[in-house]
>>> print(open('run.csv').read())   # CSV, C-alpha atoms
chain,number,residue,atom,x,y,z
E,1,MET,CA,334.8,133.3,-164.1
E,2,ASN,CA,332.2,135.8,-162.8
E,3,ASN,CA,332.8,138.1,-159.8
E,4,LYS,CA,331.1,135.7,-157.3
E,5,GLU,CA,333.2,132.8,-158.5
E,6,GLY,CA,336.3,134.9,-158.4
E,7,ALA,CA,335.6,136.0,-154.8
E,8,ILE,CA,335.1,132.4,-153.7
E,9,ALA,CA,338.3,131.3,-155.5
E,10,ASP,CA,340.2,134.0,-153.7
E,11,ALA,CA,338.7,133.1,-150.3
E,12,LEU,CA,339.5,129.4,-150.9
E,13,HIS,CA,343.1,130.2,-151.8
E,14,GLU,CA,343.4,132.3,-148.6
E,15,ILE,CA,342.1,129.4,-146.5
E,16,GLN,CA,344.4,126.8,-148.2
E,17,SER,CA,347.3,129.1,-147.5
E,18,PHE,CA,346.2,129.5,-143.9
E,19,LEU,CA,346.0,125.7,-143.1
E,20,LEU,CA,349.2,123.8,-142.9
E,21,CYS,CA,348.1,120.8,-145.0
E,22,PRO,CA,345.5,119.8,-147.5
E,23,THR,CA,342.9,117.1,-146.8
E,24,PRO,CA,344.5,113.7,-147.6
E,25,GLN,CA,343.0,112.1,-150.8
E,26,GLN,CA,342.4,109.0,-148.7
E,27,TRP,CA,339.9,111.0,-146.6
E,28,VAL,CA,338.2,112.1,-149.7
E,29,ASN,CA,338.0,108.4,-150.8
E,30,ASN,CA,336.6,107.5,-147.4
E,31,ALA,CA,334.0,110.2,-147.7
E,32,LEU,CA,332.8,109.1,-151.1
E,33,ALA,CA,332.5,105.5,-149.8
E,34,ASN,CA,330.5,106.7,-146.7
E,35,GLN,CA,328.3,109.5,-148.0
E,36,ASP,CA,325.4,108.7,-145.7
E,37,LEU,CA,327.7,109.0,-142.7
E,38,LEU,CA,329.2,112.2,-144.2
E,39,LEU,CA,325.8,113.8,-144.3
E,40,ILE,CA,324.9,112.7,-140.8
E,41,ASP,CA,328.1,114.1,-139.3
E,42,HIS,CA,327.8,117.2,-141.4
E,43,ALA,CA,324.4,117.9,-139.9
E,44,HIS,CA,325.9,117.4,-136.4
E,45,CYS,CA,328.7,119.8,-137.3
E,46,GLU,CA,326.3,122.5,-138.4
E,47,LYS,CA,324.3,122.1,-135.2
E,48,LYS,CA,327.4,122.2,-133.0
E,49,ALA,CA,328.7,125.3,-134.8
E,50,ALA,CA,325.4,127.1,-134.1
E,51,SER,CA,325.6,125.9,-130.4
E,52,THR,CA,329.1,127.3,-130.1
E,53,ALA,CA,328.1,130.7,-131.4
E,54,LEU,CA,325.1,130.9,-129.1
E,55,SER,CA,327.3,129.8,-126.1
E,56,LEU,CA,329.8,132.6,-126.9
E,57,MET,CA,326.9,135.1,-127.0
E,58,TYR,CA,325.6,134.0,-123.6
E,59,ARG,CA,329.1,134.0,-122.0
E,60,TYR,CA,330.5,137.3,-123.4
E,61,VAL,CA,327.7,139.7,-123.4
E,62,GLU,CA,330.0,142.7,-123.1
E,63,HIS,CA,331.5,142.2,-126.6
E,64,THR,CA,329.1,143.9,-129.1
E,65,ASP,CA,331.0,142.9,-132.2
E,66,LEU,CA,331.1,139.3,-131.1
E,67,LEU,CA,327.3,139.3,-130.3
E,68,ASN,CA,326.5,140.6,-133.7
E,69,LYS,CA,328.7,138.3,-135.6
E,70,MET,CA,327.8,135.2,-133.6
E,71,SER,CA,324.1,135.9,-133.9
E,72,ARG,CA,324.4,136.0,-137.7
E,73,LEU,CA,326.7,132.9,-137.7
E,74,ALA,CA,324.3,130.9,-135.6
E,75,ARG,CA,321.4,131.7,-137.9
E,76,GLU,CA,323.4,130.7,-140.9
E,77,GLU,CA,324.6,127.4,-139.3
E,78,LEU,CA,321.1,126.5,-138.3
E,79,ARG,CA,319.9,127.2,-141.9
E,80,HIS,CA,322.7,124.9,-143.2
E,81,PHE,CA,321.6,122.3,-140.6
E,82,GLU,CA,318.1,122.4,-142.1
E,83,GLN,CA,319.4,122.2,-145.6
E,84,VAL,CA,321.5,119.1,-144.8
E,85,LEU,CA,318.4,117.5,-143.1
E,86,ALA,CA,316.3,118.1,-146.2
E,87,ILE,CA,318.9,116.4,-148.4
E,88,MET,CA,319.1,113.5,-146.0
E,89,GLN,CA,315.3,113.1,-146.0
E,90,ALA,CA,315.2,113.2,-149.8
E,91,ARG,CA,317.8,110.4,-149.8
E,92,ASP,CA,316.2,108.3,-147.0
E,93,VAL,CA,319.2,108.9,-144.7
E,94,ARG,CA,318.2,108.7,-141.1
E,95,TYR,CA,319.6,111.4,-138.8
E,96,ASP,CA,321.0,109.7,-135.7
E,97,HIS,CA,323.5,110.1,-132.8
E,98,LEU,CA,327.2,109.7,-133.6
E,99,THR,CA,330.2,109.5,-131.4
E,100,PRO,CA,332.2,112.7,-132.1
E,101,ALA,CA,335.6,112.7,-133.8
E,102,PRO,CA,338.4,113.7,-131.4
E,103,TYR,CA,339.2,116.7,-133.6
E,104,ALA,CA,337.4,119.5,-131.8
E,105,ALA,CA,338.0,118.1,-128.3
E,106,ARG,CA,341.7,117.8,-128.9
E,107,LEU,CA,341.9,121.4,-130.1
E,108,ARG,CA,339.8,122.6,-127.1
E,109,SER,CA,342.0,120.7,-124.7
E,110,GLU,CA,344.7,123.4,-125.3
E,111,VAL,CA,342.4,126.4,-124.5
E,112,ARG,CA,343.7,128.6,-121.7
E,113,THR,CA,341.6,128.7,-118.6
E,114,SER,CA,341.9,132.4,-117.7
E,115,GLU,CA,340.5,135.4,-119.7
E,116,PRO,CA,341.1,136.9,-122.2
E,117,GLY,CA,343.2,133.9,-123.3
E,118,ARG,CA,340.2,131.5,-123.0
E,119,LEU,CA,338.1,133.6,-125.4
E,120,VAL,CA,341.0,134.3,-127.8
E,121,ASP,CA,341.8,130.5,-128.0
E,122,THR,CA,338.1,129.6,-128.5
E,123,LEU,CA,337.8,132.1,-131.3
E,124,ILE,CA,341.0,130.8,-133.0
E,125,ILE,CA,339.7,127.3,-132.8
E,126,GLY,CA,336.5,128.5,-134.4
E,127,ALA,CA,338.5,130.0,-137.3
E,128,VAL,CA,340.5,126.8,-137.7
E,129,ILE,CA,337.4,124.6,-137.8
E,130,GLU,CA,335.6,126.8,-140.3
E,131,ALA,CA,338.7,127.0,-142.5
E,132,ARG,CA,339.0,123.2,-142.5
E,133,SER,CA,335.3,122.8,-143.2
E,134,CYS,CA,335.6,125.1,-146.2
E,135,GLU,CA,338.7,123.3,-147.5
E,136,ARG,CA,337.0,119.9,-147.2
E,137,PHE,CA,333.9,121.1,-149.1
E,138,ALA,CA,336.1,122.2,-151.9
E,139,ALA,CA,338.1,118.9,-151.9
E,140,LEU,CA,334.8,116.9,-152.1
E,141,ILE,CA,333.0,119.0,-154.8
E,142,PRO,CA,334.7,117.6,-157.9
E,143,PHE,CA,333.7,114.0,-156.9
E,144,LEU,CA,330.1,114.5,-155.8
E,145,ASP,CA,326.8,114.2,-157.6
E,146,GLU,CA,325.3,117.5,-159.0
E,147,GLU,CA,323.0,118.1,-156.0
E,148,LEU,CA,325.6,117.7,-153.3
E,149,ALA,CA,328.3,119.5,-155.3
E,150,SER,CA,326.0,122.5,-155.8
E,151,PHE,CA,325.1,122.5,-152.1
E,152,TYR,CA,328.6,122.3,-150.9
E,153,SER,CA,329.6,125.0,-153.4
E,154,SER,CA,327.0,127.3,-151.9
E,155,LEU,CA,328.5,126.8,-148.4
E,156,LEU,CA,332.0,127.9,-149.4
E,157,LYS,CA,331.4,131.7,-149.2
E,158,SER,CA,329.7,131.6,-145.8
E,159,GLU,CA,332.3,129.2,-144.3
E,160,ALA,CA,335.1,131.5,-145.5
E,161,ARG,CA,333.4,134.5,-144.0
E,162,HIS,CA,333.0,132.7,-140.7
E,163,TYR,CA,336.7,131.9,-140.6
E,164,ARG,CA,337.6,135.5,-141.1
E,165,ASP,CA,335.1,136.7,-138.5
E,166,TYR,CA,336.5,134.4,-135.9
E,167,LEU,CA,340.0,135.4,-136.6
E,168,ALA,CA,339.2,139.1,-136.6
E,169,LEU,CA,337.4,138.8,-133.3
E,170,ALA,CA,340.4,136.9,-131.8
E,171,GLU,CA,342.7,139.7,-132.8
E,172,GLN,CA,340.3,142.3,-131.4
E,173,VAL,CA,340.0,140.6,-128.1
E,174,ASN,CA,343.7,140.0,-127.9
E,175,GLY,CA,344.4,143.6,-128.7
E,176,GLY,CA,346.8,142.6,-131.5
E,177,SER,CA,348.2,139.8,-133.6
E,178,VAL,CA,347.4,136.2,-132.6
E,179,GLU,CA,349.8,134.7,-135.2
E,180,ALA,CA,351.9,132.8,-132.7
E,181,ARG,CA,348.9,131.2,-131.0
E,182,VAL,CA,347.3,130.4,-134.3
E,183,ALA,CA,350.5,128.6,-135.3
E,184,GLU,CA,350.2,126.4,-132.2
E,185,PHE,CA,346.7,125.4,-133.0
E,186,LEU,CA,347.4,124.8,-136.7
E,187,ALA,CA,350.2,122.4,-135.8
E,188,ILE,CA,347.8,120.4,-133.7
E,189,GLU,CA,345.2,120.5,-136.4
E,190,GLN,CA,347.6,119.3,-139.0
E,191,ALA,CA,348.5,116.2,-136.9
E,192,LEU,CA,344.8,115.5,-136.4
E,193,ILE,CA,344.0,115.8,-140.2
E,194,GLU,CA,347.0,113.6,-141.3
E,195,THR,CA,346.9,110.9,-138.6
E,196,PRO,CA,344.7,107.9,-139.4
E,197,ASP,CA,341.5,107.4,-137.5
E,198,ALA,CA,339.4,104.4,-136.6
E,199,GLU,CA,336.1,106.0,-137.6
E,200,PHE,CA,335.2,108.2,-140.5
E,201,ARG,CA,333.9,111.7,-139.6
E,202,PHE,CA,333.7,115.0,-141.4
E,203,HIS,CA,336.8,116.2,-139.4
E,204,SER,CA,338.5,112.9,-139.0
E,205,GLY,CA,341.8,111.8,-140.4
E,206,PRO,CA,341.9,109.1,-143.1
E,207,LEU,CA,340.7,105.7,-142.0
E,208,ASN,CA,343.5,103.4,-140.9
E,209,ASN,CA,342.3,100.3,-142.7
>>> encode(input="run.csv", output="structure tokens")
Amino acid sequence: MNNKEGAIADALHEIQSFLLCPTPQQWVNNALANQDLLLIDHAHCEKKAASTALSLMYRYVEHTDLLNKMSRLAREELRHFEQVLAIMQARDVRYDHLTPAPYAARLRSEVRTSEPGRLVDTLIIGAVIEARSCERFAALIPFLDEELASFYSSLLKSEARHYRDYLALAEQVNGGSVEARVAEFLAIEQALIETPDAEFRFHSGPLNN
């Protein structure tokens, strides 16, 4: 294992320790049976991630560290969006609208309405989503064709860094540890990941059929 592979393995271990549960194998099976849908929703997720970063930049102009990190994150997420679109085009997969999974909306329903709690919670949710995305890429890689496996492997490092950036910013804004609040969101996230869903999405639970 080279230094880069070792760093990715360490980051993945950290993320797997952070999350309260692994992705169910049934979700992996669902993803392999719905790879076109997986790619379409993945593209949507990258676009939404960029949009979230830009929204934070517009709303919180006084936070210099946030502006710098979200600017970089938005550029990376849009690059990933372009890469997913290119893979879809090569595979004749049409990019189209999808109804979103309840995952992000359910997490955001718990965001506090007053500041700085609102920003802290939004950043924590960003960390949780990025961590789960990274963990799901890793869960899928052993079962994918060479092209997709290589692409998802290339995303692991940046997704792990995004998770850390969000968490560090949350602690900075909070002026200290956010461990208790993180635990609350992780408990909600675990239920969402383990509870069966009616529709497959990148952040859905396993299908209930």
>>> closest_atom_pairs(input="run.csv", of="region 12-66 of chain E", to="region 96-117 of chain E", cutoff="12 Å", atoms="all atoms listed in the file", output="JSON lines")
{"residue": "E:Asp36", "atom": "CA", "partner": "E:Asp96", "partner_atom": "CA", "distance": 11.0}
{"residue": "E:Leu37", "atom": "CA", "partner": "E:Leu98", "partner_atom": "CA", "distance": 9.1}
{"residue": "E:Leu38", "atom": "CA", "partner": "E:Leu98", "partner_atom": "CA", "distance": 11.1}
{"residue": "E:Leu39", "atom": "CA", "partner": "E:Asp96", "partner_atom": "CA", "distance": 10.7}
{"residue": "E:Ile40", "atom": "CA", "partner": "E:Asp96", "partner_atom": "CA", "distance": 7.1}
{"residue": "E:Asp41", "atom": "CA", "partner": "E:Leu98", "partner_atom": "CA", "distance": 7.3}
{"residue": "E:His42", "atom": "CA", "partner": "E:Leu98", "partner_atom": "CA", "distance": 10.8}
{"residue": "E:Ala43", "atom": "CA", "partner": "E:Asp96", "partner_atom": "CA", "distance": 9.8}
{"residue": "E:His44", "atom": "CA", "partner": "E:Leu98", "partner_atom": "CA", "distance": 8.3}
{"residue": "E:Cys45", "atom": "CA", "partner": "E:Pro100", "partner_atom": "CA", "distance": 9.5}
{"residue": "E:Lys48", "atom": "CA", "partner": "E:Ala104", "partner_atom": "CA", "distance": 10.4}
{"residue": "E:Ala49", "atom": "CA", "partner": "E:Ala104", "partner_atom": "CA", "distance": 10.9}
{"residue": "E:Thr52", "atom": "CA", "partner": "E:Ala104", "partner_atom": "CA", "distance": 11.5}
{"residue": "E:Arg59", "atom": "CA", "partner": "E:Glu115", "partner_atom": "CA", "distance": 11.7}
{"residue": "E:Tyr60", "atom": "CA", "partner": "E:Pro116", "partner_atom": "CA", "distance": 10.7}
{"residue": "E:His63", "atom": "CA", "partner": "E:Pro116", "partner_atom": "CA", "distance": 11.8}
>>> closest_residue(input="run.csv", among="E:Cys21, E:Ala149, E:Ala33, E:Val28", to="Pro206 (chain E)", atoms="all atoms listed in the file")
E:Val28
>>> axis_aligned_box(input="run.csv", around="region 73-89 of chain E", padding_each_side="4 Å", output="JSON")
{"center_x": 321.0, "center_y": 123.0, "center_z": -142.0, "size_x": 19.4, "size_y": 27.8, "size_z": 20.8}
>>> atom_distance(input="run.csv", atom1="CA of Thr122 (chain E)", atom2="CA of Leu207 (chain E)")
27.6 Å
>>> residues_near_point(input="run.csv", point="(339.5, 126.8, -138.0)", cutoff="9 Å", atoms="all atoms listed in the file", output="list in words")
Leu19, Leu123, Ile124, Ile125, Gly126, Ala127, Val128, Ile129, Glu130, Ala131, Arg132, Ser133, Tyr163, Tyr166, Leu167, Phe185, Leu186 and Glu189 of chain E
>>> closest_residue(input="run.csv", among="E:Val93, E:Leu78, E:Leu119, E:Leu156", to="Asn34 (chain E)", atoms="all atoms listed in the file")
E:Val93
>>> residues_around(input="run.csv", residues="Leu148 (chain E)", least_positions_apart="2", cutoff="12 Å", atoms="only C-alpha atoms", output="list in words")
Leu32, Gln35, Asp36, Leu38, Leu39, Gln83, Val84, Ala86, Ile87, Met88, Ala90, Arg91, Phe137, Ala138, Leu140, Ile141, Pro142, Phe143, Leu144, Asp145, Glu146, Ser150, Phe151, Tyr152, Ser153, Ser154 and Leu155 of chain E
>>> closest_residue(input="run.csv", among="E:Gly205, E:Thr195, E:Glu135, E:Val178", to="Ser17 (chain E)", atoms="all atoms listed in the file")
E:Glu135
>>> closest_residue(input="run.csv", among="E:Gln190, E:Asn209, E:Ser204, E:Thr64", to="Gln172 (chain E)", atoms="all atoms listed in the file")
E:Thr64
>>> closest_residue(input="run.csv", among="E:Glu171, E:Glu194, E:Asp92, E:Asp165", to="Met70 (chain E)", atoms="only C-alpha atoms")
E:Asp165
>>> atom_distance(input="run.csv", atom1="CA of Leu20 (chain E)", atom2="CA of Ala180 (chain E)")
13.9 Å
>>> closest_residue(input="run.csv", among="E:Arg181, E:Arg136, E:Arg201, E:Arg164", to="Ala11 (chain E)", atoms="all atoms listed in the file")
E:Arg164
>>> atom_distance(input="run.csv", atom1="CA of Ala170 (chain E)", atom2="CA of Pro24 (chain E)")
28.4 Å
>>> residues_near_point(input="run.csv", point="(322.0, 131.1, -130.3)", cutoff="10 Å", atoms="only C-alpha atoms", output="list in words")
Ala49, Ala50, Ser51, Thr52, Ala53, Leu54, Ser55, Leu56, Met57, Tyr58, Leu67, Met70, Ser71, Arg72, Leu73, Ala74, Arg75 and Leu78 of chain E
>>> build_atoms(input="run.csv", residues="region 20-48 of chain E", atoms="N, CA and C atoms", output="short mmCIF file (atom, residue, chain, number, x, y, z; two decimals), in the coordinates of the input")
data_model
loop_
_atom_site.label_atom_id
_atom_site.label_comp_id
_atom_site.auth_asym_id
_atom_site.auth_seq_id
_atom_site.Cartn_x
_atom_site.Cartn_y
_atom_site.Cartn_z
N LEU E 20 347.87 124.29 -142.66
CA LEU E 20 349.20 123.80 -142.90
C LEU E 20 349.27 122.57 -143.79
N CYS E 21 348.11 121.97 -144.09
CA CYS E 21 348.10 120.80 -145.00
C CYS E 21 346.77 120.69 -145.66
N PRO E 22 346.75 120.07 -146.83
CA PRO E 22 345.50 119.80 -147.50
C PRO E 22 344.84 118.54 -146.90
N THR E 23 343.56 118.39 -147.15
CA THR E 23 342.90 117.10 -146.80
C THR E 23 343.51 115.99 -147.57
N PRO E 24 343.91 114.88 -146.91
CA PRO E 24 344.50 113.70 -147.60
C PRO E 24 343.46 113.17 -148.63
N GLN E 25 343.94 112.74 -149.79
CA GLN E 25 343.00 112.10 -150.80
C GLN E 25 342.36 110.89 -150.21
N GLN E 26 343.03 110.19 -149.29
CA GLN E 26 342.40 109.00 -148.70
C GLN E 26 341.16 109.37 -147.93
N TRP E 27 341.16 110.53 -147.26
CA TRP E 27 339.90 111.00 -146.60
C TRP E 27 338.83 111.23 -147.57
N VAL E 28 339.16 111.86 -148.69
CA VAL E 28 338.20 112.10 -149.70
C VAL E 28 337.58 110.76 -150.21
N ASN E 29 338.45 109.77 -150.42
CA ASN E 29 338.00 108.40 -150.80
C ASN E 29 337.07 107.83 -149.77
N ASN E 30 337.45 108.00 -148.50
CA ASN E 30 336.60 107.50 -147.40
C ASN E 30 335.24 108.18 -147.39
N ALA E 31 335.24 109.49 -147.64
CA ALA E 31 334.00 110.20 -147.70
C ALA E 31 333.07 109.77 -148.77
N LEU E 32 333.63 109.54 -149.94
CA LEU E 32 332.80 109.10 -151.10
C LEU E 32 332.26 107.69 -150.84
N ALA E 33 332.97 106.89 -150.07
CA ALA E 33 332.50 105.50 -149.80
C ALA E 33 331.52 105.53 -148.58
N ASN E 34 331.39 106.66 -147.88
CA ASN E 34 330.50 106.70 -146.70
C ASN E 34 329.68 108.01 -146.75
N GLN E 35 328.97 108.21 -147.86
CA GLN E 35 328.30 109.50 -148.00
C GLN E 35 327.11 109.68 -147.08
N ASP E 36 326.43 108.60 -146.70
CA ASP E 36 325.40 108.70 -145.70
C ASP E 36 325.95 109.24 -144.38
N LEU E 37 327.05 108.63 -143.96
CA LEU E 37 327.70 109.00 -142.70
C LEU E 37 328.24 110.45 -142.82
N LEU E 38 328.75 110.81 -143.98
CA LEU E 38 329.20 112.20 -144.20
C LEU E 38 328.10 113.18 -143.96
N LEU E 39 326.92 112.91 -144.50
CA LEU E 39 325.80 113.80 -144.30
C LEU E 39 325.33 113.89 -142.88
N ILE E 40 325.28 112.75 -142.22
CA ILE E 40 324.90 112.70 -140.80
C ILE E 40 325.80 113.55 -139.96
N ASP E 41 327.10 113.32 -140.15
CA ASP E 41 328.10 114.10 -139.30
C ASP E 41 328.11 115.53 -139.72
N HIS E 42 327.91 115.83 -141.00
CA HIS E 42 327.80 117.20 -141.40
C HIS E 42 326.70 117.93 -140.71
N ALA E 43 325.56 117.27 -140.61
CA ALA E 43 324.40 117.90 -139.90
C ALA E 43 324.80 118.15 -138.43
N HIS E 44 325.46 117.19 -137.81
CA HIS E 44 325.90 117.40 -136.40
C HIS E 44 326.86 118.59 -136.33
N CYS E 45 327.76 118.70 -137.29
CA CYS E 45 328.70 119.80 -137.30
C CYS E 45 328.05 121.16 -137.38
N GLU E 46 327.04 121.26 -138.24
CA GLU E 46 326.30 122.50 -138.40
C GLU E 46 325.60 122.88 -137.07
N LYS E 47 325.01 121.90 -136.45
CA LYS E 47 324.30 122.10 -135.20
C LYS E 47 325.28 122.54 -134.08
N LYS E 48 326.43 121.87 -134.03
CA LYS E 48 327.40 122.20 -133.00
C LYS E 48 327.98 123.62 -133.25
#
